[in-house]
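Asker: Input file: model.tsv. Contents: TSV, C-alpha atoms.
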```tsv
chain	number	residue	atom	x	y	z
A	488	LEU	CA	0.00	0.00	0.00
A	489	PRO	CA	1.10	3.61	-0.47
A	490	THR	CA	2.82	5.18	2.51
A	491	PRO	CA	3.26	8.85	3.49
A	492	ARG	CA	6.99	8.51	2.85
A	493	SER	CA	6.49	7.05	-0.64
A	494	ALA	CA	4.02	9.83	-1.50
A	495	ALA	CA	6.51	12.43	-0.26
A	496	LEU	CA	9.27	10.85	-2.37
A	497	LEU	CA	7.10	10.76	-5.50
A	498	PHE	CA	5.69	14.27	-5.33
A	499	GLY	CA	8.97	15.75	-4.12
A	500	TRP	CA	10.67	14.14	-7.11
A	501	LEU	CA	8.03	15.44	-9.52
A	502	ALA	CA	8.33	18.96	-8.10
A	503	PHE	CA	12.12	18.84	-8.34
A	504	GLN	CA	12.06	17.80	-12.00
A	505	VAL	CA	9.46	20.48	-12.82
A	506	ALA	CA	11.72	23.07	-11.19
A	507	LEU	CA	14.69	21.91	-13.26
A	508	GLN	CA	12.65	22.10	-16.46
A	509	VAL	CA	11.46	25.63	-15.70
A	510	LEU	CA	14.55	27.16	-14.07
A	511	LEU	CA	17.51	25.65	-15.91
A	512	PRO	CA	18.52	27.15	-19.27
A	513	GLY	CA	17.76	25.24	-22.45
A	514	LYS	CA	17.68	25.71	-26.18
A	515	VAL	CA	14.32	26.28	-27.85
A	516	VAL	CA	13.85	24.03	-30.87
A	517	THR	CA	11.04	23.99	-33.43
A	518	GLY	CA	9.70	20.52	-34.17
A	519	LEU	CA	8.36	19.02	-37.37
A	520	ALA	CA	5.02	19.88	-38.87
A	521	GLN	CA	2.59	17.63	-37.01
A	522	ARG	CA	-0.52	15.90	-38.35
A	523	ASP	CA	-2.45	19.20	-38.41
A	524	GLY	CA	0.48	21.12	-39.93
A	525	VAL	CA	1.41	22.94	-36.69
A	526	ARG	CA	5.11	23.22	-35.77
A	527	MET	CA	5.55	23.33	-32.00
A	528	GLN	CA	8.46	24.83	-30.09
A	529	TYR	CA	10.17	22.88	-27.28
A	530	LYS	CA	12.56	23.87	-24.51
A	531	LEU	CA	15.27	21.22	-24.28
A	532	ASN	CA	17.47	21.08	-21.18
A	533	GLY	CA	17.45	17.35	-20.45
A	534	LEU	CA	21.21	16.81	-20.27
A	535	ILE	CA	21.91	19.62	-17.82
A	536	SER	CA	18.89	18.52	-15.76
A	537	LEU	CA	20.29	14.98	-15.62
A	538	VAL	CA	23.73	16.24	-14.59
A	539	VAL	CA	22.27	18.43	-11.84
A	540	THR	CA	20.06	15.55	-10.64
A	541	LEU	CA	22.91	13.03	-10.43
A	542	ALA	CA	25.37	15.54	-8.96
A	543	LEU	CA	22.95	16.67	-6.26
A	544	GLY	CA	21.99	13.07	-5.54
A	545	GLY	CA	25.65	12.13	-5.19
A	546	CYS	CA	26.29	15.00	-2.78
A	547	LEU	CA	23.25	14.14	-0.65
A	548	TYR	CA	24.30	10.49	-0.58
A	549	ALA	CA	27.87	11.36	0.43
A	550	ALA	CA	26.49	13.56	3.20
A	551	GLY	CA	24.35	10.69	4.46
A	552	LEU	CA	21.06	12.52	3.82
A	553	ILE	CA	19.64	9.95	1.41
A	554	ARG	CA	20.04	6.18	1.30
A	555	GLY	CA	19.37	3.55	-1.34
A	556	GLN	CA	17.87	1.29	1.32
A	557	VAL	CA	15.07	3.83	1.83
A	558	VAL	CA	14.15	3.66	-1.85
A	559	LEU	CA	14.37	-0.13	-1.75
A	560	GLU	CA	12.04	-0.28	1.27
A	561	GLU	CA	9.57	2.07	-0.44
A	562	LEU	CA	9.76	0.49	-3.89
A	563	GLY	CA	6.36	-1.25	-3.59
A	564	PRO	CA	4.58	1.79	-2.13
A	565	LEU	CA	6.31	4.00	-4.72
A	566	LEU	CA	4.97	1.76	-7.47
A	567	SER	CA	1.45	1.94	-6.01
A	568	CYS	CA	1.62	5.73	-5.67
A	569	SER	CA	2.87	6.06	-9.22
A	570	ILE	CA	0.03	3.91	-10.57
A	571	LEU	CA	-2.58	5.96	-8.71
A	572	PHE	CA	-0.96	9.20	-9.85
A	573	ALA	CA	-0.94	7.95	-13.47
A	574	PHE	CA	-4.72	7.37	-13.33
A	575	ALA	CA	-5.35	10.79	-11.78
A	576	PHE	CA	-2.96	12.62	-14.09
A	577	SER	CA	-4.53	10.92	-17.12
A	578	LEU	CA	-7.92	12.22	-16.03
A	579	PHE	CA	-6.44	15.71	-15.83
A	580	ILE	CA	-4.92	15.61	-19.32
A	581	TYR	CA	-8.12	14.09	-20.70
A	582	VAL	CA	-10.19	17.03	-19.41
A	583	TYR	CA	-7.47	19.59	-20.12
A	584	GLY	CA	-7.18	18.31	-23.69
A	585	PHE	CA	-10.62	19.71	-24.52
A	586	THR	CA	-9.29	23.25	-24.01
A	587	SER	CA	-7.02	22.79	-27.05
A	588	GLN	CA	-7.71	25.14	-29.95
A	589	ARG	CA	-6.07	22.79	-32.46
A	590	ASP	CA	-7.74	20.33	-34.80
A	591	GLU	CA	-7.57	17.32	-32.46
A	592	GLU	CA	-8.43	13.72	-33.35
A	593	ARG	CA	-10.87	12.09	-30.90
A	594	SER	CA	-13.19	9.09	-31.11
A	595	GLY	CA	-15.95	10.60	-28.97
A	596	ILE	CA	-15.89	7.49	-26.76
A	597	LEU	CA	-14.95	8.52	-23.22
A	598	VAL	CA	-13.02	5.40	-22.19
A	599	TYR	CA	-11.11	5.24	-25.47
A	600	ASP	CA	-10.21	8.93	-25.44
A	601	TYR	CA	-9.16	8.69	-21.78
A	602	PHE	CA	-6.85	5.81	-22.69
A	603	MET	CA	-5.49	7.23	-25.95
A	604	GLY	CA	-5.78	10.94	-25.08
A	605	SER	CA	-7.99	13.82	-26.05
A	606	SER	CA	-5.21	16.06	-27.43
A	607	LEU	CA	-1.84	15.71	-29.12
A	608	ASN	CA	0.36	18.09	-27.13
A	609	PRO	CA	-1.20	19.34	-23.87
A	610	ARG	CA	0.88	22.21	-22.52
A	611	ILE	CA	1.15	24.50	-19.53
A	612	GLY	CA	2.07	27.89	-20.90
A	613	LYS	CA	3.98	28.30	-24.14
A	614	LEU	CA	6.88	25.84	-23.76
A	615	PHE	CA	6.09	23.37	-20.96
A	616	ASP	CA	5.06	20.37	-23.04
A	617	LEU	CA	3.60	17.73	-20.72
A	618	LYS	CA	4.16	14.79	-23.07
A	619	LEU	CA	7.85	15.51	-23.68
A	620	PHE	CA	8.47	16.35	-20.02
A	621	PHE	CA	7.01	13.10	-18.70
A	622	GLU	CA	8.65	10.96	-21.38
A	623	SER	CA	12.09	12.38	-20.68
A	624	LYS	CA	12.41	13.87	-17.19
A	625	ILE	CA	10.04	11.40	-15.52
A	626	GLY	CA	10.39	8.29	-17.68
A	627	MET	CA	14.09	8.33	-18.49
A	628	THR	CA	15.59	10.15	-15.51
A	629	THR	CA	13.51	8.30	-12.91
A	630	TRP	CA	14.59	5.00	-14.49
A	631	ILE	CA	18.32	5.69	-14.12
A	632	VAL	CA	17.93	7.20	-10.64
A	633	LEU	CA	16.06	4.07	-9.50
A	634	ALA	CA	18.83	1.90	-10.94
A	635	PHE	CA	21.46	3.94	-9.09
A	636	ALA	CA	19.40	3.75	-5.90
A	637	MET	CA	19.41	-0.05	-6.20
A	638	ALA	CA	23.19	0.02	-6.61
A	639	CYS	CA	23.44	2.11	-3.45
A	640	ALA	CA	21.14	-0.33	-1.64
A	641	GLN	CA	23.34	-3.25	-2.70
A	642	TYR	CA	26.42	-1.45	-1.40
A	643	GLU	CA	24.70	-0.69	1.90
A	644	ARG	CA	23.56	-4.30	2.28
A	645	THR	CA	26.79	-6.07	1.28
A	646	GLY	CA	29.55	-3.49	1.60
A	647	SER	CA	30.46	-3.76	-2.10
A	648	LEU	CA	29.13	-3.36	-5.63
A	649	SER	CA	28.97	-6.44	-7.84
A	650	LYS	CA	30.48	-6.29	-11.31
A	651	GLU	CA	27.04	-7.20	-12.70
A	652	MET	CA	25.38	-4.24	-10.97
A	653	MET	CA	28.10	-1.89	-12.18
A	654	LEU	CA	27.75	-3.17	-15.76
A	655	VAL	CA	23.96	-2.73	-15.77
A	656	CYS	CA	24.20	0.79	-14.36
A	657	VAL	CA	26.94	1.85	-16.80
A	658	LEU	CA	25.10	0.47	-19.87
A	659	GLN	CA	21.80	2.03	-18.86
A	660	LEU	CA	23.41	5.35	-17.92
A	661	TRP	CA	25.04	5.44	-21.36
A	662	TYR	CA	21.61	4.98	-22.96
A	663	VAL	CA	20.01	7.77	-20.90
A	664	VAL	CA	22.88	10.21	-21.46
A	665	ASP	CA	22.75	9.44	-25.18
A	666	PHE	CA	19.00	10.09	-25.17
A	667	TYR	CA	19.57	13.56	-23.75
A	668	TRP	CA	22.61	14.25	-25.92
A	669	PHE	CA	20.38	13.77	-28.98
A	670	GLU	CA	17.28	15.13	-27.27
A	671	ASP	CA	16.13	17.06	-30.32
A	672	ALA	CA	15.83	13.75	-32.21
A	673	MET	CA	12.80	13.01	-30.00
A	674	LEU	CA	10.95	15.76	-31.84
A	675	THR	CA	10.77	13.66	-35.01
A	676	THR	CA	9.27	10.57	-33.32
A	677	TRP	CA	5.85	9.00	-33.71
A	678	ASP	CA	5.04	9.56	-30.00
A	679	ILE	CA	5.53	13.30	-30.20
A	680	ASN	CA	3.96	14.03	-33.58
A	681	TYR	CA	1.11	11.55	-34.01
A	682	GLU	CA	-0.06	9.90	-30.77
A	683	ASN	CA	-2.41	11.74	-28.43
A	684	TYR	CA	-1.31	12.03	-24.82
A	685	GLY	CA	-3.56	9.88	-22.67
A	686	PHE	CA	-3.37	7.07	-20.13
A	687	MET	CA	-1.43	4.75	-22.45
A	688	LEU	CA	1.57	7.07	-22.70
A	689	ALA	CA	1.18	8.66	-19.25
A	690	GLN	CA	1.21	5.30	-17.48
A	691	GLY	CA	4.11	4.26	-19.70
A	692	PHE	CA	6.19	7.27	-18.70
A	693	ILE	CA	5.26	7.40	-15.00
A	694	VAL	CA	5.11	3.69	-14.14
A	695	TRP	CA	6.18	1.32	-16.88
A	696	MET	CA	9.50	2.86	-17.89
A	697	PRO	CA	11.02	3.63	-14.46
A	698	PHE	CA	9.96	0.48	-12.62
A	699	ASN	CA	10.37	-2.06	-15.43
A	700	PHE	CA	13.52	-0.66	-17.05
A	701	SER	CA	15.30	-0.76	-13.67
A	702	LEU	CA	14.20	-4.35	-13.00
A	703	GLN	CA	17.68	-5.82	-13.53
A	704	ALA	CA	19.15	-3.51	-10.88
A	705	GLN	CA	16.29	-4.38	-8.53
A	706	TYR	CA	17.05	-8.09	-9.07
A	707	LEU	CA	20.79	-7.70	-8.52
A	708	VAL	CA	20.25	-6.18	-5.07
A	709	TYR	CA	19.29	-9.67	-3.90
A	710	HIS	CA	21.14	-11.99	-6.32
A	711	GLN	CA	24.79	-12.60	-7.18
A	712	PRO	CA	24.87	-14.41	-10.56
A	713	ASN	CA	28.72	-14.35	-10.65
A	714	ILE	CA	29.08	-13.90	-14.39
A	715	PRO	CA	32.63	-14.87	-15.50
A	716	LEU	CA	34.82	-11.79	-15.74
A	717	ALA	CA	35.73	-12.56	-19.37
A	718	VAL	CA	32.03	-12.40	-20.33
A	719	ILE	CA	31.58	-8.83	-19.06
A	720	PRO	CA	33.38	-7.14	-22.02
A	721	LEU	CA	31.49	-9.41	-24.44
A	722	ILE	CA	28.16	-8.22	-23.04
A	723	ALA	CA	29.39	-4.62	-23.26
A	724	LEU	CA	30.49	-5.15	-26.87
A	725	PHE	CA	27.10	-6.61	-27.78
A	726	ASN	CA	25.40	-3.63	-26.12
A	727	PHE	CA	27.46	-1.03	-27.97
A	728	ALA	CA	27.00	-2.84	-31.29
A	729	GLY	CA	23.27	-2.55	-30.70
A	730	TYR	CA	23.71	1.06	-29.65
A	731	TYR	CA	25.51	1.86	-32.91
A	732	VAL	CA	22.73	0.33	-35.01
A	733	PHE	CA	20.07	2.09	-32.94
A	734	ARG	CA	21.66	5.53	-32.82
A	735	ALA	CA	23.10	5.61	-36.35
A	736	SER	CA	19.81	4.54	-37.93
A	737	ASN	CA	17.80	7.07	-35.91
A	738	LEU	CA	20.24	9.86	-36.78
A	739	GLN	CA	20.10	8.96	-40.47
A	740	LYS	CA	16.32	9.34	-40.40
A	741	HIS	CA	16.48	12.50	-38.30
A	742	HIS	CA	19.05	14.17	-40.58
A	743	PHE	CA	17.11	13.17	-43.69
A	744	ARG	CA	13.92	14.69	-42.30
A	745	THR	CA	15.65	17.93	-41.35
A	746	ASP	CA	18.08	18.09	-44.32
A	747	PRO	CA	17.19	15.77	-47.24
A	748	ASN	CA	20.57	16.48	-48.87
A	749	ALA	CA	22.68	15.27	-45.92
A	750	GLN	CA	24.93	12.40	-46.99
A	751	ILE	CA	24.45	8.88	-45.60
A	752	TRP	CA	27.48	6.59	-45.46
A	753	GLY	CA	29.38	9.12	-47.58
A	754	LYS	CA	26.83	9.19	-50.39
A	755	PRO	CA	23.79	11.30	-51.31
A	756	PRO	CA	20.67	9.67	-49.86
A	757	THR	CA	18.34	7.64	-52.04
A	758	PHE	CA	14.61	7.82	-51.48
A	759	LEU	CA	11.21	7.13	-52.93
A	760	GLN	CA	9.26	10.26	-53.80
A	761	THR	CA	5.61	9.68	-52.91
A	762	LYS	CA	2.53	11.17	-54.51
A	763	ARG	CA	1.79	12.84	-51.16
A	764	GLY	CA	4.92	14.92	-51.60
A	765	THR	CA	6.94	13.27	-48.83
A	766	LYS	CA	10.06	11.12	-49.25
A	767	LEU	CA	10.67	7.57	-48.00
A	768	LEU	CA	14.34	6.99	-47.20
A	769	THR	CA	15.99	3.95	-48.81
A	770	SER	CA	19.64	4.69	-47.87
A	771	GLY	CA	21.89	3.44	-45.10
A	772	PHE	CA	20.23	1.32	-42.45
A	773	TRP	CA	16.85	2.28	-43.90
A	774	GLY	CA	17.75	0.50	-47.12
A	775	LEU	CA	18.49	-2.72	-45.20
A	776	ALA	CA	15.23	-2.92	-43.26
A	777	ARG	CA	12.26	-0.68	-42.56
A	778	HIS	CA	13.06	-0.51	-38.82
A	779	THR	CA	16.68	-1.44	-38.16
A	780	ASN	CA	16.55	0.96	-35.20
A	781	TYR	CA	14.30	-1.61	-33.49
A	782	LEU	CA	17.00	-4.26	-33.99
A	783	GLY	CA	19.53	-2.07	-32.18
A	784	ASP	CA	17.04	-1.39	-29.40
A	785	LEU	CA	16.44	-5.13	-28.91
A	786	MET	CA	20.18	-5.88	-28.81
A	787	MET	CA	20.65	-3.34	-26.03
A	788	ALA	CA	17.60	-4.64	-24.17
A	789	LEU	CA	19.05	-8.16	-24.16
A	790	ALA	CA	22.49	-6.87	-23.12
A	791	TRP	CA	20.97	-5.21	-20.02
A	792	CYS	CA	19.38	-8.53	-19.01
A	793	LEU	CA	22.38	-10.82	-19.54
A	794	PRO	CA	24.33	-9.66	-16.42
A	795	SER	CA	21.51	-11.16	-14.33
A	796	GLY	CA	22.50	-14.69	-15.37
A	797	PHE	CA	20.03	-17.42	-16.28
A	798	SER	CA	18.60	-18.57	-12.95
A	799	HIS	CA	15.39	-16.54	-13.07
A	800	ILE	CA	13.03	-15.13	-15.70
A	801	PRO	CA	11.96	-11.76	-14.12
A	802	PRO	CA	15.15	-9.82	-14.97
A	803	TYR	CA	14.52	-10.75	-18.62
A	804	PHE	CA	11.02	-9.30	-18.55
A	805	TYR	CA	12.18	-6.12	-20.28
A	806	PHE	CA	13.33	-8.03	-23.36
A	807	ILE	CA	10.42	-10.50	-23.19
A	808	TYR	CA	7.82	-7.72	-23.41
A	809	PHE	CA	9.89	-5.36	-25.57
A	810	ALA	CA	10.32	-7.71	-28.54
A	811	PRO	CA	6.56	-8.28	-29.10
A	812	LEU	CA	5.93	-4.58	-28.46
A	813	LEU	CA	8.33	-3.48	-31.22
A	814	ILE	CA	7.10	-6.17	-33.59
A	815	ASP	CA	3.51	-5.01	-33.00
A	816	ARG	CA	4.55	-1.36	-33.32
A	817	GLU	CA	6.21	-2.06	-36.67
A	818	ARG	CA	3.03	-3.82	-37.82
A	819	ARG	CA	0.88	-0.87	-36.74
A	820	ASP	CA	3.24	1.54	-38.48
A	821	HIS	CA	3.10	-0.61	-41.61
A	822	LYS	CA	-0.71	-0.52	-41.59
A	823	VAL	CA	-0.82	3.26	-41.15
A	824	CYS	CA	1.75	3.83	-43.90
A	825	ALA	CA	-0.07	1.47	-46.27
A	826	GLN	CA	-3.23	3.56	-45.84
A	827	LYS	CA	-1.28	6.80	-46.04
A	828	TYR	CA	0.87	6.10	-49.11
A	829	GLY	CA	-1.12	3.45	-51.01
A	830	GLN	CA	0.72	2.12	-54.06
A	831	ASP	CA	3.86	4.07	-53.12
A	832	TRP	CA	4.12	2.04	-49.91
A	833	GLU	CA	3.89	-1.22	-51.85
A	834	THR	CA	6.70	0.01	-54.10
A	835	TYR	CA	8.75	0.98	-51.05
A	836	CYS	CA	8.23	-2.42	-49.38
A	837	ALA	CA	9.29	-4.18	-52.58
A	838	LYS	CA	12.52	-2.18	-52.48
A	839	VAL	CA	13.13	-2.49	-48.70
A	840	LYS	CA	11.90	-6.04	-48.13
A	841	TYR	CA	12.74	-6.69	-44.50
A	842	ARG	CA	10.89	-5.27	-41.51
A	843	ILE	CA	13.42	-5.29	-38.62
A	844	VAL	CA	16.24	-7.84	-39.09
A	845	PRO	CA	17.94	-7.62	-42.51
A	846	GLY	CA	17.87	-10.95	-44.31
A	847	ILE	CA	15.70	-12.62	-41.64
A	848	TYR	CA	12.54	-10.69	-40.75
```
Could you rewrite the structure in this file as structure tokens?

Answerer:
Amino acid sequence: LPTPRSAALLFGWLAFQVALQVLLPGKVVTGLAQRDGVRMQYKLNGLISLVVTLALGGCLYAAGLIRGQVVLEELGPLLSCSILFAFAFSLFIYVYGFTSQRDEERSGILVYDYFMGSSLNPRIGKLFDLKLFFESKIGMTTWIVLAFAMACAQYERTGSLSKEMMLVCVLQLWYVVDFYWFEDAMLTTWDINYENYGFMLAQGFIVWMPFNFSLQAQYLVYHQPNIPLAVIPLIALFNFAGYYVFRASNLQKHHFRTDPNAQIWGKPPTFLQTKRGTKLLTSGFWGLARHTNYLGDLMMALAWCLPSGFSHIPPYFYFIYFAPLLIDRERRDHKVCAQKYGQDWETYCAKVKYRIVPGIY
């Protein structure tokens, strides 16, 4: 059940991240034209917010003012509080979405619109975009802070950090730092430009991402899989190979959308010009498969699970759910694009045959 301390931790954390978003400097970037043609502006200060968060957390931990064991003890109540908050916050953005002056897409069915959202980009003021804030500052930053808290709890319980815990934290920190380093790339994603902000995404950012993505660190507090030392660099190598595929493919798409003349692998990009006027990229990773970025994502997901060994299934839950999710997402994207581009999409699929794994799937 929720506890007063878990509620204080959750709402104190939310207030702290809101303060960082508002008070810290950040560049203002204009996003892509969205489904109604509107180009929104976004204040991006994720990297400096992450640095301030981790630095302040480190100082408070060194001073003995915060402890990983406290977070570990409150993990269940924190999860319960986060779930309840996600339901309440989703109700807020559902009602608030009807104040939007934009041409919003709604079904008119209350339960469906509560789940999927009643507006695309609910905002407080001109630049405080609720969807981007919760996906980044709450989803991503809370995830890595929970993982670090579990590492602290392990150290407090055993007097040392296991090599498996250190590997998980380093690999996941790399991913989060990379996310913020290329924060503007988020502005070209499906989430930001096409999906309404409702319970599905809100619960994903507030609950699913932080508590599930940190599951390996939660597991390693209690378990010592004793992975052979020689295997550690192999897991790291597999992770960074996946990272390269993921990041390079996403950057190729991002650069093509923002500058269609930018070279890919040292050559001018090739593309299919559609009757709608848009271009479908067929160069680089996007000429090998229609979603090679998903392949890189799955490689990293598996790499984060491997340090947990093979004694139990729960630390592999991230990969177990993530693979069907991305396969389903690719299928949904395929269906939308087939309706959107018609014959041009069939031509594109004939040219780029594979969905996610070149030569296999």

Asker: Quote the spacing between atom CA of Gly685 of chain A and atom CA of Lys618 of chain A in Å to one decimal place.

Answerer: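 So the answer is 9.2 Å.
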
Asker: Leu510 of chain A: which residues within 12 Å, counting all atoms listed in the file, same-chain residues fewer than 3 positions away excluded, as JSON, numbers by chain?

Answerer: {"A": [502, 503, 504, 505, 506, 507, 513, 530, 531, 532, 535, 536, 539, 615]}

Asker: Rank nothing, just name the residue among A:Ala689, A:Val663, A:Leu552, A:Ala495 nearest to Val632 of chain A, using all atoms listed in the file.

Answerer: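 Residue with the minimum atom-to-atom distance to Val632 of chain A: A:Val663.
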
Asker: Please determine the residues with any atom at most 9 Å from (11.1, 15.5, -37.3) (coordinates as given in the file, with all atoms listed in the file counting) and report them as number ranges by chain.

Answerer: A: 518-521, 671-676, 680, 740-742, 744-745

Asker: Could you give me, as JSON, numbers by chain, the residues within 8 Å of Trp791 of chain A, counting only C-alpha atoms and dropping anything in the same chain fewer than 2 positions from it?

Answerer: {"A": [655, 658, 659, 703, 726, 787, 788, 789, 793, 794]}

Asker: Can those selected residues be exported to a file as a CSV table (one decimal), keeping the file's coordinate frame so that it contains C-alpha atoms?

Answerer:
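result-v1.csv was written with the following content:
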```csv
chain,number,residue,atom,x,y,z
A,655,VAL,CA,24.0,-2.7,-15.8
A,658,LEU,CA,25.1,0.5,-19.9
A,659,GLN,CA,21.8,2.0,-18.9
A,703,GLN,CA,17.7,-5.8,-13.5
A,726,ASN,CA,25.4,-3.6,-26.1
A,787,MET,CA,20.6,-3.3,-26.0
A,788,ALA,CA,17.6,-4.6,-24.2
A,789,LEU,CA,19.0,-8.2,-24.2
A,793,LEU,CA,22.4,-10.8,-19.5
A,794,PRO,CA,24.3,-9.7,-16.4
```

Asker: I need the residue nearest Ser567 of chain A from this list: A:Leu488, A:Leu501, A:Ala550, A:Leu537. Use all atoms listed in the file for the distance.

Answerer: A:Leu488

Asker: What lies within 7 Å of segment 577-594 of chain A using all atoms listed in the file, ignoring chain neighbours under 5 positions off, as a PyMOL selection string?

Answerer: chain A and resi 523+600-601+604-607+609+685-686+689
